[in-house]
file data.json (JSON, C-alpha atoms and all ligand atoms)
[["chain", "number", "residue", "atom", "x", "y", "z"],
["A", 104, "MET", "CA", 6.81, 29.83, 9.22],
["A", 105, "THR", "CA", 4.71, 28.87, 6.20],
["A", 106, "GLU", "CA", 7.72, 27.55, 4.30],
["A", 107, "ALA", "CA", 8.76, 25.40, 7.30],
["A", 108, "MET", "CA", 5.41, 23.57, 7.46],
["A", 109, "PRO", "CA", 6.15, 20.97, 4.73],
["A", 110, "ARG", "CA", 9.44, 20.19, 6.51],
["A", 111, "MET", "CA", 7.53, 19.61, 9.76],
["A", 112, "LEU", "CA", 5.27, 17.09, 8.00],
["A", 113, "ARG", "CA", 8.24, 15.34, 6.44],
["A", 114, "ARG", "CA", 9.96, 15.07, 9.82],
["A", 115, "VAL", "CA", 6.93, 13.37, 11.34],
["A", 116, "SER", "CA", 6.43, 11.14, 8.32],
["A", 117, "ASP", "CA", 10.10, 10.07, 8.09],
["A", 118, "GLY", "CA", 10.04, 9.06, 11.74],
["A", 119, "GLN", "CA", 7.34, 6.48, 11.15],
["A", 120, "GLY", "CA", 8.09, 2.79, 10.74],
["A", 121, "ARG", "CA", 6.24, 2.33, 7.45],
["A", 122, "SER", "CA", 8.05, 5.16, 5.71],
["A", 123, "ARG", "CA", 11.43, 3.84, 6.91],
["A", 124, "GLN", "CA", 10.66, 0.32, 5.65],
["A", 125, "ARG", "CA", 12.85, -0.66, 2.69],
["A", 126, "ASP", "CA", 11.56, -4.16, 1.92],
["A", 127, "VAL", "CA", 8.74, -4.39, -0.59],
["A", 128, "GLY", "CA", 5.57, -4.83, 1.44],
["A", 129, "MET", "CA", 2.23, -6.41, 0.61],
["A", 130, "SER", "CA", 0.70, -3.02, -0.18],
["A", 131, "GLU", "CA", 3.29, -2.28, -2.89],
["A", 132, "LEU", "CA", 3.08, -5.18, -5.33],
["A", 133, "GLY", "CA", 0.13, -4.07, -7.44],
["A", 134, "GLY", "CA", 0.91, -0.38, -7.93],
["A", 135, "HIS", "CA", 0.32, 1.31, -11.26],
["A", 136, "CYS", "CA", 3.99, 1.43, -12.31],
["A", 137, "ASP", "CA", 6.18, -1.67, -12.49],
["A", 138, "ARG", "CA", 9.34, 0.46, -12.78],
["A", 139, "GLN", "CA", 8.62, 1.83, -9.32],
["A", 140, "LEU", "CA", 8.36, -1.73, -8.00],
["A", 141, "ALA", "CA", 11.64, -2.57, -9.78],
["A", 142, "LEU", "CA", 13.43, 0.33, -8.05],
["A", 143, "LYS", "CA", 11.85, -0.60, -4.73],
["A", 144, "LEU", "CA", 13.15, -4.15, -5.09],
["A", 145, "LEU", "CA", 16.68, -2.71, -5.14],
["A", 146, "GLN", "CA", 15.99, -1.23, -1.68],
["A", 147, "LEU", "CA", 17.15, 2.20, -2.81],
["A", 148, "ASP", "CA", 16.79, 5.25, -0.60],
["A", 149, "ALA", "CA", 13.88, 7.50, -1.47],
["A", 150, "VAL", "CA", 15.00, 10.64, -3.29],
["A", 151, "ASN", "CA", 11.58, 12.27, -3.64],
["A", 152, "HIS", "CA", 9.69, 12.98, -0.48],
["A", 153, "GLY", "CA", 6.49, 14.21, -2.11],
["A", 154, "PRO", "CA", 3.41, 15.53, -0.32],
["A", 155, "LYS", "CA", 3.02, 14.03, 3.16],
["A", 156, "LEU", "CA", -0.25, 15.39, 4.50],
["A", 157, "ALA", "CA", -2.58, 12.78, 2.99],
["A", 158, "ALA", "CA", -0.42, 9.92, 4.29],
["A", 159, "LEU", "CA", -0.28, 11.47, 7.76],
["A", 160, "ARG", "CA", -4.06, 11.83, 7.87],
["A", 161, "GLY", "CA", -4.30, 8.12, 7.06],
["A", 162, "THR", "CA", -1.78, 7.26, 9.77],
["A", 163, "GLY", "CA", -3.71, 9.31, 12.32],
["A", 164, "LEU", "CA", -6.97, 7.54, 11.52],
["A", 165, "HIS", "CA", -5.25, 4.12, 11.62],
["A", 166, "THR", "CA", -3.80, 4.94, 15.04],
["A", 167, "VAL", "CA", -7.09, 5.93, 16.67],
["A", 168, "LEU", "CA", -8.98, 3.00, 15.12],
["A", 169, "GLU", "CA", -6.24, 0.62, 16.20],
["A", 170, "GLU", "CA", -6.40, 1.89, 19.77],
["A", 171, "ALA", "CA", -10.18, 1.57, 19.79],
["A", 172, "MET", "CA", -10.14, -2.11, 18.71],
["A", 173, "ARG", "CA", -7.15, -3.34, 20.70],
["A", 174, "GLY", "CA", -7.99, -5.47, 23.73],
["A", 175, "ASP", "CA", -11.22, -6.92, 22.27],
["A", 176, "PRO", "CA", -10.64, -10.69, 21.89],
["A", 177, "ARG", "CA", -12.77, -10.76, 18.74],
["A", 178, "TRP", "CA", -10.18, -8.79, 16.79],
["A", 179, "LEU", "CA", -6.53, -9.16, 15.83],
["A", 180, "VAL", "CA", -5.10, -5.67, 15.39],
["A", 181, "GLU", "CA", -1.99, -4.87, 13.32],
["A", 182, "ALA", "CA", -1.08, -8.57, 13.08],
["A", 183, "ALA", "CA", 2.32, -9.15, 11.41],
["A", 184, "VAL", "CA", 2.03, -11.66, 8.56],
["A", 185, "ALA", "CA", 4.23, -13.06, 5.79],
["A", 186, "TYR", "CA", 3.48, -14.97, 2.60],
["A", 187, "GLY", "CA", 5.99, -16.00, -0.05],
["A", 188, "GLY", "CA", 8.67, -13.94, 1.68],
["A", 189, "ILE", "CA", 6.60, -10.73, 1.53],
["A", 190, "ARG", "CA", 5.66, -9.15, 4.83],
["A", 191, "GLY", "CA", 2.74, -7.03, 5.93],
["A", 192, "HIS", "CA", 0.64, -5.84, 8.84],
["A", 193, "VAL", "CA", -3.09, -6.54, 8.81],
["A", 194, "ASP", "CA", -5.11, -3.60, 10.10],
["A", 195, "LEU", "CA", -7.93, -5.73, 11.47],
["A", 196, "PHE", "CA", -8.82, -9.42, 11.44],
["A", 197, "ASP", "CA", -12.22, -10.54, 12.68],
["A", 198, "LEU", "CA", -11.56, -13.89, 14.37],
["A", 199, "ARG", "CA", -15.31, -14.59, 14.61],
["A", 200, "THR", "CA", -16.07, -14.33, 10.89],
["A", 201, "GLY", "CA", -12.58, -14.91, 9.45],
["A", 202, "THR", "CA", -12.62, -11.52, 7.71],
["A", 203, "VAL", "CA", -9.56, -9.40, 6.88],
["A", 204, "TRP", "CA", -10.21, -5.65, 7.00],
["A", 205, "ASP", "CA", -7.99, -2.85, 5.83],
["A", 206, "HIS", "CA", -8.70, 0.82, 6.60],
["A", 207, "LYS", "CA", -8.49, 3.25, 3.70],
["A", 208, "LEU", "CA", -9.02, 6.98, 3.92],
["A", 209, "MET", "CA", -10.26, 8.18, 0.53],
["A", 210, "SER", "CA", -12.32, 10.86, -1.16],
["A", 211, "LYS", "CA", -16.08, 10.35, -1.55],
["A", 212, "ALA", "CA", -15.54, 10.07, -5.32],
["A", 213, "LYS", "CA", -13.10, 7.19, -4.78],
["A", 214, "ILE", "CA", -15.46, 5.53, -2.30],
["A", 215, "LYS", "CA", -18.21, 5.69, -4.95],
["A", 216, "ARG", "CA", -15.84, 4.03, -7.47],
["A", 217, "LEU", "CA", -14.92, 1.39, -4.91],
["A", 218, "VAL", "CA", -18.57, 0.52, -4.27],
["A", 219, "GLU", "CA", -19.44, 0.46, -7.99],
["A", 220, "HIS", "CA", -16.33, -1.17, -9.46],
["A", 221, "GLY", "CA", -14.34, -2.71, -6.59],
["A", 222, "PRO", "CA", -10.83, -1.79, -5.46],
["A", 223, "SER", "CA", -7.63, -1.18, -7.42],
["A", 224, "ARG", "CA", -5.36, -4.10, -8.21],
["A", 225, "ALA", "CA", -2.93, -2.90, -5.51],
["A", 226, "HIS", "CA", -5.60, -2.90, -2.81],
["A", 227, "ARG", "CA", -7.05, -6.22, -3.92],
["A", 228, "TRP", "CA", -3.64, -7.94, -3.98],
["A", 229, "GLN", "CA", -2.79, -6.44, -0.61],
["A", 230, "LEU", "CA", -5.98, -7.81, 0.98],
["A", 231, "HIS", "CA", -5.57, -11.33, -0.39],
["A", 232, "LEU", "CA", -1.87, -11.38, 0.57],
["A", 233, "TYR", "CA", -2.94, -10.49, 4.10],
["A", 234, "GLY", "CA", -5.45, -13.32, 3.96],
["A", 235, "ALA", "CA", -2.79, -15.75, 2.70],
["A", 236, "GLY", "CA", -0.44, -14.65, 5.49],
["A", 237, "LEU", "CA", -3.11, -15.24, 8.12],
["A", 238, "LEU", "CA", -3.96, -18.62, 6.56],
["A", 239, "ALA", "CA", -0.26, -19.57, 6.68],
["A", 240, "ALA", "CA", -0.29, -18.59, 10.37],
["A", 241, "GLY", "CA", -3.09, -21.10, 11.01],
["A", 242, "HIS", "CA", -6.20, -18.89, 10.89],
["A", 243, "THR", "CA", -9.39, -19.63, 9.00],
["A", 244, "VAL", "CA", -9.85, -16.85, 6.45],
["A", 245, "ASN", "CA", -13.20, -16.47, 4.69],
["A", 246, "ARG", "CA", -13.41, -12.92, 3.38],
["A", 247, "VAL", "CA", -11.33, -9.82, 2.76],
["A", 248, "GLY", "CA", -12.53, -6.25, 2.65],
["A", 249, "LEU", "CA", -11.89, -2.53, 2.82],
["A", 250, "LEU", "CA", -13.30, -0.09, 5.33],
["A", 251, "ALA", "CA", -13.41, 3.13, 3.30],
["A", 252, "TRP", "CA", -13.48, 6.30, 5.43],
["A", 253, "PRO", "CA", -14.28, 9.60, 3.71],
["A", 254, "LEU", "CA", -11.63, 12.30, 3.57],
["A", 255, "ASP", "CA", -14.10, 14.91, 2.45],
["A", 256, "GLY", "CA", -17.32, 13.65, 4.00],
["A", 257, "HIS", "CA", -18.98, 12.57, 7.22],
["A", 258, "ASP", "CA", -19.48, 9.35, 9.20],
["A", 259, "GLU", "CA", -22.48, 8.34, 7.10],
["A", 260, "ASP", "CA", -20.39, 8.46, 3.91],
["A", 261, "SER", "CA", -18.21, 5.55, 5.13],
["A", 262, "ARG", "CA", -18.60, 2.29, 3.22],
["A", 263, "ALA", "CA", -17.38, -1.29, 3.52],
["A", 264, "TRP", "CA", -16.46, -3.38, 0.47],
["A", 265, "GLY", "CA", -15.66, -7.09, 0.56],
["A", 266, "GLU", "CA", -15.28, -10.34, -1.37],
["A", 267, "PRO", "CA", -14.49, -14.00, -0.59],
["A", 268, "PHE", "CA", -10.84, -14.73, 0.19],
["A", 269, "ASP", "CA", -9.01, -16.43, -2.67],
["A", 270, "VAL", "CA", -5.42, -17.55, -2.19],
["A", 271, "ASN", "CA", -5.02, -17.59, -6.00],
["A", 272, "VAL", "CA", -5.19, -13.78, -5.99],
["A", 273, "ALA", "CA", -2.30, -13.70, -3.50],
["A", 274, "ASP", "CA", -0.36, -16.12, -5.73],
["A", 275, "GLU", "CA", -1.03, -13.87, -8.74],
["A", 276, "ALA", "CA", 0.57, -10.99, -6.78],
["A", 277, "LEU", "CA", 3.59, -13.14, -5.88],
["A", 278, "ALA", "CA", 4.00, -14.23, -9.51],
["A", 279, "HIS", "CA", 4.03, -10.56, -10.55],
["A", 280, "HIS", "CA", 6.65, -9.80, -7.91],
["A", 281, "ASP", "CA", 8.81, -12.68, -9.18],
["A", 282, "ARG", "CA", 8.46, -11.56, -12.83],
["A", 283, "VAL", "CA", 9.60, -8.03, -12.01],
["A", 284, "ALA", "CA", 12.41, -9.32, -9.74],
["A", 285, "ARG", "CA", 13.67, -11.58, -12.57],
["A", 286, "ALA", "CA", 13.59, -8.68, -15.04],
["A", 287, "VAL", "CA", 15.58, -6.50, -12.60],
["A", 288, "ALA", "CA", 18.13, -9.27, -12.08],
["A", 289, "ASP", "CA", 18.51, -9.80, -15.85],
["A", 290, "GLY", "CA", 18.43, -6.24, -17.19],
["A", 291, "GLY", "CA", 18.26, -3.79, -14.28],
["A", 292, "PRO", "CA", 15.29, -1.52, -13.53],
["A", 293, "ARG", "CA", 15.45, 0.10, -16.99],
["A", 294, "SER", "CA", 14.27, -3.21, -18.49],
["A", 295, "VAL", "CA", 10.97, -2.93, -16.60],
["A", 296, "PRO", "CA", 8.24, -0.83, -18.27],
["A", 297, "MET", "CA", 7.34, 2.46, -16.64],
["A", 298, "LEU", "CA", 3.92, 4.04, -16.51],
["A", 299, "ALA", "CA", 4.40, 7.76, -16.03],
["A", 300, "GLY", "CA", 1.58, 10.08, -15.02],
["A", 301, "PRO", "CA", 0.28, 12.33, -12.25],
["A", 302, "LEU", "CA", 1.14, 9.73, -9.57],
["A", 303, "CYS", "CA", 4.87, 10.20, -10.30],
["A", 304, "ARG", "CA", 4.74, 13.16, -7.92],
["A", 305, "TRP", "CA", 4.38, 10.68, -5.04],
["A", 306, "CYS", "CA", 6.99, 8.26, -6.37],
["A", 307, "PRO", "CA", 9.99, 7.92, -4.03],
["A", 308, "TYR", "CA", 12.36, 7.69, -7.04],
["A", 309, "TRP", "CA", 11.10, 10.60, -9.11],
["A", 310, "VAL", "CA", 13.71, 13.23, -10.00],
["A", 311, "ARG", "CA", 12.53, 15.75, -12.59],
["A", 312, "GLY", "CA", 14.45, 15.30, -15.83],
["A", 313, "SER", "CA", 16.62, 12.47, -14.47],
["A", 314, "ASP", "CA", 18.32, 10.21, -16.99],
["A", 315, "ASP", "CA", 19.78, 7.92, -14.28],
["A", 316, "THR", "CA", 17.41, 5.03, -14.83],
["A", 317, "ASP", "CA", 19.27, 2.68, -12.47],
["A", 318, "THR", "CA", 18.48, 4.50, -9.23],
["A", 319, "THR", "CA", 15.91, 7.21, -10.09],
["A", 320, "CYS", "CA", 13.24, 7.98, -12.67],
["A", 321, "GLY", "CA", 12.36, 11.12, -14.60],
["A", 322, "GLY", "CA", 8.69, 10.09, -14.74],
["A", 323, "ASN", "CA", 6.15, 12.63, -15.88],
["A", 324, "PRO", "CA", 4.04, 14.15, -13.11],
["A", 325, "GLN", "CA", 2.72, 16.99, -15.45],
["B", 1, "LIG", "S1", 8.58, 8.42, -11.49],
["B", 1, "LIG", "FE1", 6.65, 7.68, -12.37],
["B", 1, "LIG", "S2", 7.24, 6.43, -14.14],
["B", 1, "LIG", "FE2", 9.05, 6.67, -12.84],
["B", 1, "LIG", "S3", 9.10, 4.90, -11.50],
["B", 1, "LIG", "FE3", 8.06, 6.51, -10.42],
["B", 1, "LIG", "S4", 5.87, 6.20, -10.87],
["B", 1, "LIG", "FE4", 7.05, 5.05, -12.39]]
call {"tool": "encode", "arguments": {"input": "data.json", "output": "structure tokens"}}
result
Amino acid sequence: MTEAMPRMLRRVSDGQGRSRQRDVGMSELGGHCDRQLALKLLQLDAVNHGPKLAALRGTGLHTVLEEAMRGDPRWLVEAAVAYGGIRGHVDLFDLRTGTVWDHKLMSKAKIKRLVEHGPSRAHRWQLHLYGAGLLAAGHTVNRVGLLAWPLDGHDEDSRAWGEPFDVNVADEALAHHDRVARAVADGGPRSVPMLAGPLCRWCPYWVRGSDDTDTTCGGNPQ
């Protein structure tokens, strides 16, 4: 049975809307590797299914938090938004304060980094794109933030991080998307720089040793 367990996780994960989505979403523009974004823009099927457990834990937490907040008129839950042709779903929008919130399940070490240094580019772009989408839909947006829940800790280790909403950050993300899309149109994905490293293991296009740089990537997960 042990060897069947990863397949069980993959079956659950593959059945979920977000993992079936082929369009580039708001959470994917600022990732560490532009080659991955280039391949994603071609709407290729994933060839690497990587570890699923961490993503499923995140989905489980999102689901229970979503259910808890739904029905309260103060909050918009899982609102569908679009900005510059990129789509996303906002975990939580506080209509009273005009604050966008996104849930992230992360280790205590990452939460400490978040509090001390702010979020990654990907998370920051994602939040401001959500804000821009809500603004385009007619809402007043004042702030964006992350609700960081500890994977390896307890309730009291949870932290919130936030900053004022700035539509220029969303436009910076769109400009990056357009730059990579132009490069793919001109020279294919191989013309876009890759940044290989441990995260390749989770890349949907990673194939160990692959030299097909048009649909996959050999990466370097170590
Ligand atoms: S395998 Fe690694 S280097 Fe290649 S596209 Fe994916 S993340 Fe980038």
call {"tool": "closest_residue", "arguments": {"input": "data.json", "among": "A:Arg304, A:His280, A:Arg113, A:Arg224", "to": "ligand LIG 1 (chain B)", "atoms": "all atoms listed in the file"}}
result
A:Arg304
call {"tool": "residues_near_ligand", "arguments": {"input": "data.json", "ligand": "ligand LIG 1 (chain B)", "cutoff": "12 Å", "atoms": "all atoms listed in the file", "output": "PyMOL selection string"}}
result
chain A and resi 131+134-144+149-153+292-325
call {"tool": "residues_around", "arguments": {"input": "data.json", "residues": "A:Asn271", "least_positions_apart": "2", "cutoff": "12 Å", "atoms": "only C-alpha atoms", "output": "VMD selection string"}}
result
chain A and resid 227 to 228 231 to 232 234 to 235 267 to 269 273 to 278
call {"tool": "atom_distance", "arguments": {"input": "data.json", "atom1": "atom CA of A:Ala286", "atom2": "atom CA of A:Val270"}}
result
24.6 Å
call {"tool": "residues_around", "arguments": {"input": "data.json", "residues": "stretch 158-160 of chain A", "least_positions_apart": "5", "cutoff": "9 Å", "atoms": "all atoms listed in the file", "output": "VMD selection string"}}
result
chain A and resid 112 115 to 116 165 208 254
call {"tool": "decode", "arguments": {"input": "data.json", "residues": "stretch 214-263 of chain A", "atoms": "C-alpha atoms", "output": "JSON list (two decimals), in the first residue's frame"}}
result
[["chain", "number", "residue", "atom", "x", "y", "z"],
["A", 214, "ILE", "CA", 6.93, 33.18, 8.37],
["A", 215, "LYS", "CA", 9.88, 34.75, 10.21],
["A", 216, "ARG", "CA", 11.40, 35.78, 6.84],
["A", 217, "LEU", "CA", 8.06, 37.19, 5.74],
["A", 218, "VAL", "CA", 7.74, 39.33, 8.86],
["A", 219, "GLU", "CA", 11.36, 40.55, 8.67],
["A", 220, "HIS", "CA", 11.78, 41.02, 4.91],
["A", 221, "GLY", "CA", 8.31, 40.94, 3.32],
["A", 222, "PRO", "CA", 7.00, 38.43, 0.79],
["A", 223, "SER", "CA", 8.54, 36.99, -2.37],
["A", 224, "ARG", "CA", 8.07, 38.81, -5.66],
["A", 225, "ALA", "CA", 5.51, 36.17, -6.71],
["A", 226, "HIS", "CA", 3.37, 36.68, -3.62],
["A", 227, "ARG", "CA", 3.64, 40.46, -3.79],
["A", 228, "TRP", "CA", 2.66, 40.59, -7.48],
["A", 229, "GLN", "CA", -0.19, 38.18, -6.83],
["A", 230, "LEU", "CA", -1.61, 40.37, -4.05],
["A", 231, "HIS", "CA", -1.44, 43.61, -6.02],
["A", 232, "LEU", "CA", -2.92, 41.92, -9.11],
["A", 233, "TYR", "CA", -5.82, 40.81, -6.93],
["A", 234, "GLY", "CA", -6.16, 44.39, -5.71],
["A", 235, "ALA", "CA", -6.10, 45.71, -9.30],
["A", 236, "GLY", "CA", -8.76, 43.16, -10.29],
["A", 237, "LEU", "CA", -11.01, 44.21, -7.42],
["A", 238, "LEU", "CA", -10.42, 47.90, -8.27],
["A", 239, "ALA", "CA", -11.38, 47.18, -11.90],
["A", 240, "ALA", "CA", -14.56, 45.53, -10.57],
["A", 241, "GLY", "CA", -15.49, 48.77, -8.78],
["A", 242, "HIS", "CA", -14.24, 48.12, -5.24],
["A", 243, "THR", "CA", -12.20, 50.50, -3.12],
["A", 244, "VAL", "CA", -8.89, 48.79, -2.38],
["A", 245, "ASN", "CA", -6.62, 50.21, 0.31],
["A", 246, "ARG", "CA", -4.28, 47.45, 1.42],
["A", 247, "VAL", "CA", -3.08, 43.97, 0.50],
["A", 248, "GLY", "CA", -1.72, 41.33, 2.82],
["A", 249, "LEU", "CA", -0.86, 37.74, 3.61],
["A", 250, "LEU", "CA", -2.28, 35.62, 6.40],
["A", 251, "ALA", "CA", 0.62, 33.25, 7.12],
["A", 252, "TRP", "CA", -0.42, 30.02, 8.86],
["A", 253, "PRO", "CA", 2.31, 27.80, 10.31],
["A", 254, "LEU", "CA", 2.85, 24.35, 8.86],
["A", 255, "ASP", "CA", 5.06, 23.30, 11.72],
["A", 256, "GLY", "CA", 3.71, 25.41, 14.56],
["A", 257, "HIS", "CA", 0.60, 26.36, 16.49],
["A", 258, "ASP", "CA", -2.14, 28.99, 16.31],
["A", 259, "GLU", "CA", -0.02, 31.57, 18.10],
["A", 260, "ASP", "CA", 2.71, 31.29, 15.44],
["A", 261, "SER", "CA", 0.35, 32.70, 12.77],
["A", 262, "ARG", "CA", 1.23, 36.16, 11.46],
["A", 263, "ALA", "CA", -0.32, 38.76, 9.16]]
